[in-house]
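**Q** Got a structure for you, questions after.
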Amino acid sequence: MKKDFKVKKNKEFQEAFKKGRSVANRQFVVYILKKPDQENFRIGLSVSKKIGNAVMRNQIKRYIRQSFHELQDRVHNGNDYIIIARKPTAEMDMHEVKKSLEHVLKVGKVLKKPKRGDND
């Protein structure tokens, strides 16, 4: 994922927590902060040490990034998304992570409907 698509600074995370709105399911909490002057979306990831060792946490982050990569045509631009993984994500595979993220983004009304002919 390109640098333009990442939220890195603590200040940016804190801004999303304070000013953004949040949606959640059992596996993820997603903070959504509107940034109208931003032409693409950015994501920030937070996976707690409570979830597992470094290998497990990095695998979860890779799954989330890949899911966003596959959903990028459907995700609304001009937003920052801060994704916080909860404990159940430790037992999930790539397909389950994508399905769960898709669900929480639909709840947050930031996911466009798939175009006809798209195979999900």
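Lettering and numbering for the structure tokens are positional, with chains as A, B, ... in the shown order, residues counted from 1 in each chain, and ligands counted from 1 in the shown order.
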Find the residues around Gln66 (chain A) up to 10 Å (only C-alpha atoms counted), leave out those fewer than 6 positions away in its own chain, and share them as a list in words.

**A**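 After dropping sequence-adjacent residues, the list is Met1, Ile60, Gln72, Met94, Val97 and Lys98 of chain A.
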
**Q** Export, as an mmCIF file, in the first residue's frame, the selected residues with N, CA and C atoms.

**A**
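Result went into result-v3.cif, see below:
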```cif
data_model
loop_
_atom_site.group_PDB
_atom_site.id
_atom_site.type_symbol
_atom_site.label_atom_id
_atom_site.label_comp_id
_atom_site.auth_asym_id
_atom_site.auth_seq_id
_atom_site.Cartn_x
_atom_site.Cartn_y
_atom_site.Cartn_z
ATOM 1 N N MET A 1 0.846 -1.178 0.000
ATOM 2 C CA MET A 1 0.000 0.000 0.000
ATOM 3 C C MET A 1 0.891 1.240 0.000
ATOM 4 N N ILE A 60 -2.448 -10.184 10.706
ATOM 5 C CA ILE A 60 -3.758 -9.521 10.731
ATOM 6 C C ILE A 60 -3.698 -8.212 9.952
ATOM 7 N N GLN A 72 -10.978 -1.324 -2.613
ATOM 8 C CA GLN A 72 -10.679 0.098 -2.822
ATOM 9 C C GLN A 72 -11.593 0.807 -3.823
ATOM 10 N N MET A 94 -7.989 -14.956 5.917
ATOM 11 C CA MET A 94 -8.100 -13.799 5.033
ATOM 12 C C MET A 94 -9.542 -13.548 4.590
ATOM 13 N N VAL A 97 -11.671 -12.142 7.424
ATOM 14 C CA VAL A 97 -11.307 -10.756 7.717
ATOM 15 C C VAL A 97 -11.960 -9.825 6.701
ATOM 16 N N LYS A 98 -11.867 -10.181 5.424
ATOM 17 C CA LYS A 98 -12.459 -9.338 4.381
ATOM 18 C C LYS A 98 -13.974 -9.231 4.564
#
```

**Q** Please produce, as CSV, a per-residue contact table for region 17-97 of chain A versus region 105-112 of chain A (criterion: any atom at most 7 Å away, only C-alpha atoms considered), showing the nearest atom pair and its distance in Å to one decimal, sorted by chain then residue number.

**A**
```
residue,atom,partner,partner_atom,distance
A:Val23,CA,A:Gly108,CA,5.7
A:Arg74,CA,A:Lys112,CA,4.8
A:Val75,CA,A:Leu111,CA,4.8
A:His76,CA,A:Val110,CA,5.5
```

**Q** Pick from A:Ala85, A:Asn77, A:Ala54, A:Phe68: nearest to Val29 (chain A), with only C-alpha atoms counted?

**A**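 Distance minimum relative to Val29 (chain A) lands on A:Ala85.
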
**Q** Which is closer to Glu15 (chain A) than all the others in A:Tyr63, A:Ser100, A:Arg86, A:Asp80, using only C-alpha atoms?

**A**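 Going through A:Tyr63, A:Ser100, A:Arg86, A:Asp80 one by one, the smallest distance to Glu15 (chain A) is for A:Asp80.
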
**Q** CA of Ser67 (chain A) to CA of Ile83 (chain A): how many Å, to one decimal?

**A**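 Between CA of Ser67 (chain A) and CA of Ile83 (chain A) the gap is 11.9 Å.
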